[in-house]
file model.txt (compact mmCIF, C-alpha atoms)
# COMPACT_ATOMS: atom_id res chain seq x y z
CA MET Z 1 0.00 0.00 0.00
CA LYS Z 2 1.60 3.24 -1.09
CA ILE Z 3 0.66 6.83 -0.53
CA SER Z 4 0.29 8.38 -3.94
CA LYS Z 5 2.51 10.90 -5.58
CA SER Z 6 -0.34 13.37 -5.61
CA HIS Z 7 -0.81 13.06 -1.90
CA THR Z 8 2.82 13.68 -1.10
CA ALA Z 9 2.86 16.57 -3.46
CA VAL Z 10 -0.08 18.11 -1.66
CA LEU Z 11 1.56 17.52 1.67
CA LEU Z 12 4.68 19.32 0.65
CA LEU Z 13 2.81 22.04 -1.05
CA VAL Z 14 1.06 22.69 2.22
CA LEU Z 15 4.32 22.68 4.08
CA SER Z 16 5.88 24.99 1.59
CA ALA Z 17 2.85 27.23 1.85
CA MET Z 18 3.66 27.64 5.52
CA LEU Z 19 6.91 29.11 4.42
CA THR Z 20 5.43 31.63 2.12
CA LEU Z 21 6.88 34.70 3.60
CA GLY Z 22 6.50 38.38 3.25
CA TRP Z 23 3.59 40.51 2.31
CA GLY Z 24 2.53 42.98 -0.26
CA SER Z 25 -0.24 43.77 -2.60
CA THR Z 26 1.53 42.61 -5.72
CA GLU Z 27 3.56 39.59 -6.66
CA GLU Z 28 6.59 41.81 -7.02
CA GLU Z 29 6.23 43.09 -3.47
CA LEU Z 30 5.91 39.55 -2.18
CA ARG Z 31 9.07 38.58 -3.97
CA GLU Z 32 11.01 41.54 -2.63
CA ALA Z 33 9.85 40.97 0.95
CA ALA Z 34 10.73 37.27 0.83
CA ALA Z 35 14.25 37.99 -0.32
CA GLY Z 36 15.30 39.16 3.13
CA VAL Z 37 14.02 36.14 5.03
CA HIS Z 38 16.59 33.46 5.84
CA THR Z 39 14.98 31.53 8.67
CA VAL Z 40 11.48 31.15 10.09
CA GLN Z 41 10.51 29.34 13.29
CA ALA Z 42 7.05 29.06 14.77
CA GLY Z 43 4.56 26.94 16.57
CA PHE Z 44 1.27 25.95 15.01
CA VAL Z 45 -2.16 24.68 15.92
CA GLN Z 46 -3.95 22.60 13.32
CA GLU Z 47 -7.71 22.13 13.39
CA LYS Z 48 -9.29 19.50 11.24
CA HIS Z 49 -12.96 20.15 10.55
CA MET Z 50 -15.20 17.56 8.96
CA LYS Z 51 -18.95 17.31 8.75
CA MET Z 52 -18.80 13.89 10.41
CA LEU Z 53 -16.84 15.15 13.42
CA VAL Z 54 -18.57 16.22 16.59
CA ARG Z 55 -15.44 18.06 17.64
CA PRO Z 56 -12.60 19.17 15.39
CA LEU Z 57 -9.36 17.27 15.66
CA VAL Z 58 -6.68 19.51 17.10
CA SER Z 59 -2.95 18.94 16.61
CA LYS Z 60 -0.04 21.06 17.74
CA GLY Z 61 3.47 21.31 16.51
CA LEU Z 62 6.54 23.27 15.54
CA PHE Z 63 8.11 24.21 12.28
CA CYS Z 64 11.47 25.54 11.33
CA TYR Z 65 12.77 26.69 7.96
CA GLU Z 66 16.14 27.79 6.72
CA ALA Z 67 16.88 29.03 3.22
CA PRO Z 68 17.29 27.72 0.67
CA GLY Z 69 15.41 24.49 1.32
CA SER Z 70 15.73 23.03 4.82
CA LEU Z 71 12.57 22.29 6.74
CA ARG Z 72 11.52 20.66 9.98
CA TRP Z 73 7.77 20.08 10.34
CA GLU Z 74 6.98 18.42 13.64
CA TYR Z 75 3.72 17.37 15.29
CA THR Z 76 4.12 17.25 19.04
CA ASP Z 77 0.56 16.53 20.16
CA PRO Z 78 -1.47 14.34 20.22
CA VAL Z 79 0.42 12.12 17.74
CA LYS Z 80 4.11 12.73 17.31
CA SER Z 81 5.47 12.73 13.79
CA LEU Z 82 8.27 14.50 12.02
CA LEU Z 83 9.19 15.50 8.50
CA LEU Z 84 12.75 16.58 7.75
CA MET Z 85 13.94 18.08 4.49
CA HIS Z 86 17.59 18.87 4.04
CA ASP Z 87 20.17 18.67 1.27
CA GLY Z 88 17.56 17.55 -1.21
CA ARG Z 89 16.53 14.61 0.95
CA THR Z 90 13.19 14.18 2.68
CA ARG Z 91 12.60 11.80 5.57
CA ARG Z 92 9.53 11.06 7.63
CA PHE Z 93 9.41 9.66 11.15
CA THR Z 94 6.76 8.62 13.61
CA PHE Z 95 7.12 8.14 17.34
CA GLN Z 96 6.26 4.56 18.23
CA ASP Z 97 6.83 2.59 21.42
CA GLY Z 98 8.97 5.34 22.87
CA LYS Z 99 11.27 5.91 19.92
CA TRP Z 100 11.37 7.59 16.53
CA VAL Z 101 10.92 5.22 13.61
CA GLU Z 102 11.66 6.20 10.05
CA GLU Z 103 8.77 5.33 7.78
CA ALA Z 104 9.47 3.44 4.63
CA GLY Z 105 7.15 3.38 1.69
CA PHE Z 106 6.58 7.08 1.57
CA ASP Z 107 6.97 8.44 -1.93
CA LEU Z 108 10.18 10.30 -1.28
CA GLN Z 109 11.00 10.86 -4.88
CA ALA Z 110 7.77 12.71 -5.41
CA MET Z 111 8.37 14.67 -2.25
CA GLN Z 112 11.74 15.81 -3.47
CA VAL Z 113 10.21 17.01 -6.69
CA VAL Z 114 7.91 19.26 -4.73
CA VAL Z 115 10.64 20.37 -2.36
CA GLU Z 116 12.30 21.93 -5.36
CA GLN Z 117 9.33 24.23 -5.58
CA ILE Z 118 9.89 25.58 -2.13
CA ALA Z 119 12.58 27.91 -3.32
CA GLY Z 120 10.02 29.43 -5.61
CA TRP Z 121 7.55 29.89 -2.81
CA MET Z 122 10.19 31.38 -0.58
CA ALA Z 123 11.00 33.86 -3.27
CA GLY Z 124 7.34 34.79 -3.52
CA ARG Z 125 7.03 33.38 -7.03
CA PHE Z 126 3.49 32.08 -6.80
CA ASP Z 127 2.94 32.54 -10.50
CA GLU Z 128 5.73 30.06 -11.28
CA ASN Z 129 4.28 27.19 -9.29
CA ASP Z 130 3.68 24.04 -11.30
CA LEU Z 131 0.86 22.74 -9.18
CA PHE Z 132 -1.32 25.68 -8.27
CA THR Z 133 -2.52 28.90 -9.74
CA ALA Z 134 -2.22 31.78 -7.30
CA ARG Z 135 -4.52 34.74 -7.05
CA LEU Z 136 -3.83 37.69 -4.79
CA LEU Z 137 -6.88 38.77 -2.84
CA PRO Z 138 -7.52 41.86 -0.70
CA GLU Z 139 -6.31 41.97 2.88
CA ARG Z 140 -3.08 40.08 2.29
CA ARG Z 141 -4.74 36.87 1.20
CA ILE Z 142 -3.66 34.46 -1.49
CA ARG Z 143 -5.87 31.79 -3.01
CA LEU Z 144 -4.27 28.77 -4.63
CA THR Z 145 -6.26 26.51 -6.92
CA PRO Z 146 -4.91 23.33 -8.51
CA LYS Z 147 -3.90 23.43 -12.14
CA ASN Z 148 -4.41 19.72 -12.52
CA PRO Z 149 -8.00 18.59 -11.89
CA ALA Z 150 -6.68 15.30 -10.46
CA PHE Z 151 -5.02 17.35 -7.73
CA GLY Z 152 -8.37 18.84 -6.90
CA ARG Z 153 -9.47 15.47 -5.55
CA TYR Z 154 -7.08 16.08 -2.68
CA ILE Z 155 -7.25 19.82 -2.23
CA GLU Z 156 -9.94 22.01 -3.75
CA ARG Z 157 -8.11 25.21 -2.84
CA ILE Z 158 -5.69 26.68 -0.31
CA ASP Z 159 -6.18 30.06 1.30
CA LEU Z 160 -3.13 31.75 2.74
CA ALA Z 161 -3.50 34.63 5.19
CA LEU Z 162 -0.41 36.78 5.51
CA SER Z 163 0.36 38.81 8.58
CA PRO Z 164 0.95 42.55 8.32
CA VAL Z 165 4.41 41.75 9.65
CA PRO Z 166 6.83 40.85 6.88
CA GLY Z 167 7.81 37.21 6.93
CA VAL Z 168 4.91 36.06 9.07
CA MET Z 169 2.05 33.83 7.98
CA GLU Z 170 -1.15 33.99 10.03
CA SER Z 171 -2.89 30.90 8.76
CA VAL Z 172 -3.25 28.37 6.00
CA THR Z 173 -6.62 26.81 5.22
CA LEU Z 174 -6.90 23.76 3.03
CA HIS Z 175 -10.33 23.16 1.58
CA GLU Z 176 -10.95 19.57 0.57
CA GLY Z 177 -14.55 19.97 -0.46
CA GLU Z 178 -17.78 20.91 1.22
CA ASN Z 179 -17.34 18.36 4.01
CA SER Z 180 -13.82 19.03 5.14
CA PHE Z 181 -11.18 21.68 5.72
CA THR Z 182 -8.00 22.04 7.72
CA ARG Z 183 -6.89 25.32 9.29
CA ILE Z 184 -3.39 25.85 10.57
CA ARG Z 185 -2.70 28.91 12.70
CA PHE Z 186 0.83 29.98 13.50
CA THR Z 187 2.01 31.32 16.80
CA GLY Z 188 5.18 32.94 18.03
CA THR Z 189 6.74 33.27 14.61
CA ALA Z 190 10.37 34.33 14.69
CA VAL Z 191 12.00 35.50 11.49
CA ASN Z 192 15.75 35.35 10.90
CA ARG Z 193 16.53 34.01 14.34
CA PRO Z 194 19.50 31.59 14.27
CA VAL Z 195 18.49 27.96 13.96
CA PRO Z 196 20.20 25.51 16.33
CA ASP Z 197 22.52 22.99 14.71
CA GLY Z 198 21.01 19.72 13.71
CA ARG Z 199 17.41 20.90 13.48
CA PHE Z 200 17.10 19.57 9.94
CA THR Z 201 19.08 16.39 10.34
CA GLU Z 202 18.61 15.12 13.87
CA VAL Z 203 15.55 13.34 15.17
CA ARG Z 204 15.10 14.50 18.73
CA MET Q 1 8.27 -7.63 27.08
CA THR Q 2 6.82 -4.80 25.03
CA GLY Q 3 3.12 -4.26 24.59
CA ARG Q 4 3.32 -5.14 20.93
CA ARG Q 5 4.99 -8.48 21.58
CA MET Q 6 2.42 -9.23 24.20
CA LEU Q 7 -0.23 -8.69 21.56
CA PHE Q 8 1.38 -10.86 18.93
CA LEU Q 9 2.01 -13.88 21.09
CA PRO Q 10 -1.66 -14.56 21.65
CA LEU Q 11 -2.20 -13.88 17.96
CA LEU Q 12 0.22 -16.64 17.10
CA VAL Q 13 -1.66 -19.03 19.30
CA VAL Q 14 -4.86 -17.94 17.66
CA PHE Q 15 -3.50 -18.64 14.18
CA LEU Q 16 -2.59 -22.19 15.03
CA SER Q 17 -6.20 -22.95 15.66
CA ALA Q 18 -7.66 -20.69 12.99
CA CYS Q 19 -8.52 -23.38 10.49
CA ALA Q 20 -10.73 -25.53 12.62
CA GLY Q 21 -13.94 -23.47 12.53
CA PRO Q 22 -15.68 -22.07 15.53
CA PRO Q 23 -14.76 -24.15 18.56
CA ALA Q 24 -17.35 -26.30 20.28
CA LEU Q 25 -18.53 -24.78 23.53
CA THR Q 26 -19.35 -26.35 26.84
CA PRO Q 27 -21.67 -24.53 29.20
CA ALA Q 28 -20.06 -22.09 31.59
CA SER Q 29 -20.71 -22.90 35.19
CA LYS Q 30 -20.44 -19.36 36.53
CA LYS Q 31 -21.71 -16.19 34.97
CA SER Q 32 -22.45 -16.14 31.25
CA PRO Q 33 -19.60 -15.10 28.94
CA CYS Q 34 -22.13 -12.83 27.26
CA SER Q 35 -22.26 -10.62 30.31
CA LEU Q 36 -18.69 -9.49 29.66
CA ARG Q 37 -18.41 -5.93 28.39
CA PHE Q 38 -16.75 -5.87 24.99
CA PHE Q 39 -18.08 -2.76 23.33
CA MET Q 40 -18.56 0.80 24.50
CA GLU Q 41 -22.11 2.01 24.77
CA GLY Q 42 -23.38 5.41 23.73
CA ASP Q 43 -22.09 7.87 21.18
CA TRP Q 44 -18.36 8.33 20.79
CA GLN Q 45 -15.75 9.96 18.62
CA PHE Q 46 -12.49 8.03 18.57
CA LEU Q 47 -9.13 8.97 17.15
CA HIS Q 48 -6.55 6.24 16.54
CA ARG Q 49 -3.13 6.13 15.03
CA LEU Q 50 -3.15 3.18 12.70
CA SER Q 51 -0.87 1.20 10.50
CA PHE Q 52 -1.77 -1.14 7.69
CA VAL Q 53 0.55 -4.08 7.18
CA VAL Q 54 -0.25 -5.63 3.82
CA SER Q 55 1.48 -8.85 2.76
CA GLY Q 56 4.13 -8.15 5.36
CA ARG Q 57 4.82 -4.58 4.22
CA ARG Q 58 4.06 -1.75 6.58
CA ALA Q 59 2.49 1.33 5.00
CA PRO Q 60 3.02 4.84 6.38
CA SER Q 61 0.99 5.40 9.50
CA LEU Q 62 -2.29 7.26 9.30
CA LEU Q 63 -4.90 8.70 11.61
CA GLY Q 64 -8.27 7.02 11.79
CA VAL Q 65 -11.30 8.79 13.16
CA THR Q 66 -14.46 6.87 13.98
CA VAL Q 67 -17.79 8.28 15.08
CA VAL Q 68 -20.00 5.57 16.47
CA SER Q 69 -23.44 5.33 18.04
CA SER Q 70 -24.27 2.04 19.70
CA HIS Q 71 -27.93 3.04 20.03
CA ARG Q 72 -28.44 3.91 16.38
CA ARG Q 73 -25.87 1.30 15.31
CA SER Q 74 -24.34 3.93 13.06
CA LEU Q 75 -20.73 4.23 12.13
CA LYS Q 76 -18.70 6.86 10.29
CA THR Q 77 -15.02 6.57 9.68
CA ALA Q 78 -12.22 8.46 7.94
CA LEU Q 79 -8.56 7.82 7.24
CA MET Q 80 -6.26 10.78 6.99
CA THR Q 81 -2.60 11.65 6.99
CA ALA Q 82 -1.00 13.24 10.04
CA GLU Q 83 -1.24 16.49 8.13
CA GLY Q 84 -5.00 16.13 7.93
CA VAL Q 85 -5.49 15.23 4.28
CA VAL Q 86 -8.49 12.92 4.13
CA LEU Q 87 -7.85 9.86 1.97
CA PHE Q 88 -10.96 7.87 2.77
CA GLU Q 89 -14.32 8.68 4.32
CA ALA Q 90 -17.38 6.46 4.56
CA GLU Q 91 -20.34 5.65 6.71
CA SER Q 92 -22.02 2.40 7.37
CA GLY Q 93 -25.60 1.66 6.45
CA ASP Q 94 -27.09 -1.27 4.60
CA ALA Q 95 -24.06 -0.84 2.38
CA ALA Q 96 -20.98 1.30 2.84
CA LEU Q 97 -21.68 4.86 1.72
CA VAL Q 98 -18.34 6.13 0.50
CA ARG Q 99 -17.91 9.89 0.58
CA LYS Q 100 -14.27 10.00 -0.43
CA SER Q 101 -11.76 7.38 -1.53
CA LEU Q 102 -8.38 8.32 -2.91
CA PRO Q 103 -5.56 5.97 -3.90
CA PRO Q 104 -4.72 3.47 -2.54
CA PHE Q 105 -8.07 3.31 -0.76
CA ASP Q 106 -10.18 3.36 -3.91
CA ARG Q 107 -9.71 -0.28 -4.85
CA PRO Q 108 -12.83 -2.35 -5.42
CA GLY Q 109 -14.04 -3.95 -2.22
CA PHE Q 110 -11.82 -1.89 0.04
CA ALA Q 111 -14.60 0.26 1.47
CA GLU Q 112 -16.90 -2.66 2.21
CA GLY Q 113 -14.07 -4.64 3.79
CA LEU Q 114 -12.83 -1.77 5.92
CA MET Q 115 -16.29 -0.85 7.15
CA ALA Q 116 -16.96 -4.47 8.09
CA ASP Q 117 -13.69 -4.52 10.03
CA VAL Q 118 -14.46 -1.25 11.78
CA ARG Q 119 -17.96 -2.43 12.61
CA MET Q 120 -16.55 -5.60 14.12
CA LEU Q 121 -14.26 -3.55 16.38
CA PHE Q 122 -16.62 -0.79 17.46
CA LEU Q 123 -20.18 -2.07 17.41
CA PRO Q 124 -21.70 -5.03 19.22
CA PRO Q 125 -23.19 -7.65 16.91
CA ALA Q 126 -26.81 -7.18 15.96
CA GLY Q 127 -29.22 -9.49 17.69
CA ALA Q 128 -28.91 -11.71 20.70
CA PRO Q 129 -26.19 -14.33 21.09
CA PHE Q 130 -27.24 -17.83 20.12
CA ALA Q 131 -24.57 -19.70 22.07
CA ALA Q 132 -22.17 -19.15 24.92
CA GLY Q 133 -19.73 -21.25 26.88
CA ILE Q 134 -16.19 -22.37 27.35
CA ALA Q 135 -13.95 -23.29 24.42
CA PRO Q 136 -11.53 -26.24 24.66
CA ASP Q 137 -8.65 -23.83 25.34
CA GLY Q 138 -10.51 -22.44 28.35
CA ALA Q 139 -11.65 -19.20 26.69
CA LEU Q 140 -15.05 -17.77 27.53
CA VAL Q 141 -16.99 -17.32 24.30
CA CYS Q 142 -20.18 -15.50 23.42
CA ARG Q 143 -21.40 -16.39 19.93
CA TYR Q 144 -23.50 -14.31 17.51
CA ARG Q 145 -24.83 -14.77 14.03
CA GLY Q 146 -23.56 -12.31 11.46
CA PRO Q 147 -24.69 -11.48 7.92
CA ASP Q 148 -24.37 -14.07 5.15
CA GLY Q 149 -23.98 -17.01 7.49
CA GLU Q 150 -21.02 -15.53 9.34
CA ILE Q 151 -20.40 -16.22 13.00
CA LEU Q 152 -18.84 -13.78 15.40
CA ASP Q 153 -17.34 -14.77 18.73
CA THR Q 154 -16.39 -12.40 21.51
CA VAL Q 155 -13.67 -14.18 23.44
CA LYS Q 156 -12.06 -13.75 26.82
CA THR Q 157 -9.03 -16.00 26.79
CA ALA Q 158 -7.81 -18.07 29.69
CA SER Q 159 -5.02 -15.50 30.08
CA ASP Q 160 -7.65 -12.78 30.47
CA ARG Q 161 -7.28 -11.18 27.05
CA ARG Q 162 -10.12 -9.91 24.90
CA GLN Q 163 -10.46 -11.06 21.33
CA ILE Q 164 -13.09 -11.01 18.60
CA HIS Q 165 -13.19 -13.81 16.04
CA ARG Q 166 -15.15 -13.69 12.81
CA TYR Q 167 -15.88 -16.85 10.79
CA ASP Q 168 -17.29 -17.09 7.30
CA ALA Q 169 -20.15 -19.37 6.31
CA ASP Q 170 -17.67 -22.22 5.71
CA GLY Q 171 -16.34 -21.96 9.22
CA ARG Q 172 -13.02 -20.40 8.27
CA ARG Q 173 -11.78 -17.76 10.61
CA ILE Q 174 -11.44 -14.64 8.47
CA ARG Q 175 -10.71 -11.98 11.09
CA THR Q 176 -9.08 -12.00 14.50
CA ALA Q 177 -9.03 -8.90 16.65
CA VAL Q 178 -6.95 -8.64 19.82
CA LEU Q 179 -7.97 -5.83 22.12
CA GLU Q 180 -5.93 -4.45 24.98
CA LYS Q 181 -7.67 -3.40 28.13
CA GLY Q 182 -9.68 -0.23 27.62
CA ALA Q 183 -9.87 -0.52 23.82
CA PRO Q 184 -11.12 1.14 21.74
CA ALA Q 185 -10.89 4.16 24.06
CA ALA Q 186 -7.39 3.30 25.26
CA GLY Q 187 -4.60 0.90 24.45
CA ARG Q 188 -4.16 -0.99 21.22
CA MET Q 189 -6.22 -3.13 18.92
CA VAL Q 190 -4.79 -5.42 16.27
CA LEU Q 191 -7.05 -6.83 13.60
CA THR Q 192 -5.63 -9.59 11.43
CA ALA Q 193 -7.26 -10.82 8.24
CA SER Q 194 -6.87 -14.43 7.20
CA GLY Q 195 -8.67 -16.97 5.07
CA GLY Q 196 -7.79 -15.44 1.72
CA ALA Q 197 -6.94 -11.93 2.85
CA ASP Q 198 -3.49 -10.97 4.07
CA TYR Q 199 -3.34 -7.77 6.02
CA ARG Q 200 -3.19 -6.46 9.54
CA ILE Q 201 -4.48 -3.22 11.02
CA GLU Q 202 -2.78 -1.97 14.17
CA MET Q 203 -4.65 0.75 16.01
CA GLU Q 204 -3.45 2.78 18.97
CA ALA Q 205 -5.97 4.94 20.82
CA VAL Q 206 -5.19 8.64 20.81
CA GLU Q 207 -8.44 10.29 21.85
CA ALA Q 208 -11.93 9.22 22.90
CA VAL Q 209 -14.67 11.82 23.20
CA ARG Q 210 -18.07 10.94 24.61
CA ILE Q 211 -20.57 12.77 22.47
CA GLY Q 212 -23.15 14.79 24.30
CA GLU Q 213 -21.05 15.41 27.37
call {"tool": "encode", "arguments": {"input": "model.txt", "output": "structure tokens"}}
result
Amino acid sequence: MKISKSHTAVLLLVLSAMLTLGWGSTEEELREAAAGVHTVQAGFVQEKHMKMLVRPLVSKGLFCYEAPGSLRWEYTDPVKSLLLMHDGRTRRFTFQDGKWVEEAGFDLQAMQVVVEQIAGWMAGRFDENDLFTARLLPERRIRLTPKNPAFGRYIERIDLALSPVPGVMESVTLHEGENSFTRIRFTGTAVNRPVPDGRFTEVR
Amino acid sequence: MTGRRMLFLPLLVVFLSACAGPPALTPASKKSPCSLRFFMEGDWQFLHRLSFVVSGRRAPSLLGVTVVSSHRRSLKTALMTAEGVVLFEAESGDAALVRKSLPPFDRPGFAEGLMADVRMLFLPPAGAPFAAGIAPDGALVCRYRGPDGEILDTVKTASDRRQIHRYDADGRRIRTAVLEKGAPAAGRMVLTASGGADYRIEMEAVEAVRIGE
């Protein structure tokens, strides 16, 4: 049983969306603002809403980014899991029986393809994304819609809400259809703060 | 000994006797095996971390959410990635009503099979038991009739472990579930398919919310 290429692409697109930095009312302004951002670190709270759920599922975690393409995306509660991207390699871990276990079978090749797009996102080049079409909306919002209809089976659209503060993302909302959406809100975002050694390579 | 090993050892024992059909039962001298509590009553929302092991290969772990009502005998379930992308969503009625199924969960028969497995784990069998007693290995068994000639046994082993066994109309055991204490609200459940199917679902409780409280 294998998670599909499309799924992993969506996953990484979402992660890269978290890293979409800067603000502005035009694509050019976004690009200019992103150019000065070298690291981003934040916490996040993820709420999963579905029509079938009585209560949304809430997850918490941490993320850390360093230009040009290193990422640590970590869920700390209630289920621990970790995604590390560094040096063109992507690895995924889950915490089982008191230790981190690297998961095999994930479509790493597809993930790496999408990781290559992160540089584009970091540079604010939404219009050059292979997977989604970006539209700038009022009040520092960006709407991403899939170019490939097959992708739309996973994600109908993504709404990004940028903070007034350069380099800070307020939230990302993934709409999967009328029955389901996921909202990720960021907290305590620090831009250009030094990243401790090993954050993108060590599982701890 | 880890919790996982403790689960698999009784599974091994179970496999050795899996081909013989439902065991003959002798009457229990004390209280009826059917008075044992196997399933949670009321309305619940459960979250589990789960792994599929198919033909010996472990797939990336997922989250499984199940909304169940024992009174209405209704069941809704979804499989999603840790990041919240829903890959499969269905609810149980006369037939499985599939709301979303993305690869690899869109294969023919997957939805029906998964919903039957989930139903076996979360909902008590419909109807009253037709037999109860002690199996030759000392287990306390409560026996129900399932659809299409199936038989379902809830089992408390001699070593005080809870299991659920499902047999097809030919008497082959087709599913074996081993439940740790507190499952499905706590602990682990392992469901193993046999008799033509070859997969295992390992579920670890993450969250249990009583609906209406």
call {"tool": "axis_aligned_box", "arguments": {"input": "model.txt", "around": "stretch 185-195 of chain Q", "padding_each_side": "6 Å", "output": "AutoDock Vina command-line options"}}
result
--center_x -7.5 --center_y -6.4 --center_z 15.2 --size_x 18.7 --size_y 33.1 --size_z 32.2
call {"tool": "atom_distance", "arguments": {"input": "model.txt", "atom1": "atom CA of Q:Lys31", "atom2": "atom CA of Q:Thr157"}}
result
15.1 Å
call {"tool": "closest_residue", "arguments": {"input": "model.txt", "among": "Q:Ala126, Q:Ser51, Q:Met80, Q:Gly42", "to": "Q:Leu102", "atoms": "only C-alpha atoms"}}
result
Q:Met80
call {"tool": "residues_around", "arguments": {"input": "model.txt", "residues": "Q:Glu207", "least_positions_apart": "3", "cutoff": "12 Å", "atoms": "only C-alpha atoms", "output": "number ranges by chain"}}
result
Z: 55-59, 77-79; Q: 44-49, 63-67, 183-187, 203-204, 210
call {"tool": "closest_atom_pairs", "arguments": {"input": "model.txt", "of": "chain Q", "to": "chain Z", "cutoff": "9 Å", "atoms": "all atoms listed in the file", "output": "tab-separated table"}}
result
residue	atom	partner	partner_atom	distance
Q:Thr2	CA	Z:Asp97	CA	8.2
Q:Gly3	CA	Z:Asp97	CA	8.4
Q:Arg4	CA	Z:Asp97	CA	8.5
Q:Trp44	CA	Z:Val54	CA	8.9
Q:Gln45	CA	Z:Val54	CA	7.2
Q:Leu47	CA	Z:Leu57	CA	8.4
Q:Arg49	CA	Z:Val79	CA	7.5
Q:Phe52	CA	Z:Met1	CA	8.0
Q:Val53	CA	Z:Met1	CA	8.3
Q:Val54	CA	Z:Met1	CA	6.8
Q:Arg57	CA	Z:Met1	CA	7.9
Q:Arg58	CA	Z:Gly105	CA	7.7
Q:Ala59	CA	Z:Met1	CA	5.7
Q:Pro60	CA	Z:Glu103	CA	5.9
Q:Ser61	CA	Z:Thr94	CA	7.8
Q:Leu63	CA	Z:Val79	CA	8.8
Q:Val65	CA	Z:Leu53	CA	8.4
Q:Thr66	CA	Z:Leu53	CA	8.6
Q:Val67	CA	Z:Leu53	CA	7.1
Q:Lys76	CA	Z:Met52	CA	7.0
Q:Thr77	CA	Z:Met52	CA	8.3
Q:Ala78	CA	Z:Met52	CA	8.9
Q:Thr81	CA	Z:Leu11	CA	8.9
Q:Ala82	CA	Z:Ser81	CA	7.5
Q:Glu83	CA	Z:Leu11	CA	7.1
Q:Gly84	CA	Z:Lys48	CA	6.4
Q:Val85	CA	Z:Tyr154	CA	7.2
Q:Val86	CA	Z:Tyr154	CA	7.6
Q:Leu87	CA	Z:Tyr154	CA	7.8
Q:Lys100	CA	Z:Arg153	CA	8.9
Q:Leu102	CA	Z:Arg153	CA	7.7
Q:Pro103	CA	Z:Ser4	CA	6.3
Q:Pro104	CA	Z:Met1	CA	6.4
Q:Phe105	CA	Z:Met1	CA	8.8
Q:Val206	CA	Z:Pro78	CA	6.8
Q:Glu207	CA	Z:Pro78	CA	8.2
Q:Val209	CA	Z:Arg55	CA	8.4
Q:Ile211	CA	Z:Val54	CA	7.1
call {"tool": "atom_distance", "arguments": {"input": "model.txt", "atom1": "atom CA of Q:Gly127", "atom2": "atom CA of Q:Arg145"}}
result
7.8 Å
call {"tool": "residues_around", "arguments": {"input": "model.txt", "residues": "Z:Tyr65", "least_positions_apart": "4", "cutoff": "8 Å", "atoms": "all atoms listed in the file", "output": "ChimeraX atom specification"}}
result
/Z:19,39-41,69-72
call {"tool": "atom_distance", "arguments": {"input": "model.txt", "atom1": "atom CA of Q:Pro129", "atom2": "atom CA of Q:Leu191"}}
result
21.9 Å
call {"tool": "residues_around", "arguments": {"input": "model.txt", "residues": "Q:Ser159", "least_positions_apart": "2", "cutoff": "10 Å", "atoms": "all atoms listed in the file", "output": "number ranges by chain"}}
result
Q: 10, 138-139, 156-157, 161-162
call {"tool": "closest_residue", "arguments": {"input": "model.txt", "among": "Q:Phe130, Q:Leu121, Q:Leu62, Q:Glu112", "to": "Q:Leu25", "atoms": "only C-alpha atoms"}}
result
Q:Phe130
call {"tool": "residues_around", "arguments": {"input": "model.txt", "residues": "Q:Ala193", "least_positions_apart": "4", "cutoff": "8 Å", "atoms": "only C-alpha atoms", "output": "list in words"}}
result
Ile174, Arg175, Thr176, Ala197, Asp198, Tyr199 and Arg200 of chain Q
call {"tool": "closest_residue", "arguments": {"input": "model.txt", "among": "Z:Ala33, Z:Lys99, Z:Gly188, Z:Pro68", "to": "Z:Asp87", "atoms": "only C-alpha atoms"}}
result
Z:Pro68
call {"tool": "closest_residue", "arguments": {"input": "model.txt", "among": "Q:Gly109, Q:Pro33, Q:Gly182, Q:Gly21", "to": "Q:Arg143", "atoms": "all atoms listed in the file"}}
result
Q:Pro33
call {"tool": "residues_around", "arguments": {"input": "model.txt", "residues": "Q:Ala131", "least_positions_apart": "2", "cutoff": "12 Å", "atoms": "all atoms listed in the file", "output": "list in words"}}
result
Pro22, Pro23, Ala24, Leu25, Thr26, Pro27, Ala28, Ser32, Pro33, Cys34, Ala128, Pro129, Gly133, Ile134, Ala135, Leu140, Val141, Cys142, Arg143, Tyr144, Arg145, Ile151, Leu152, Asp153 and Thr154 of chain Q
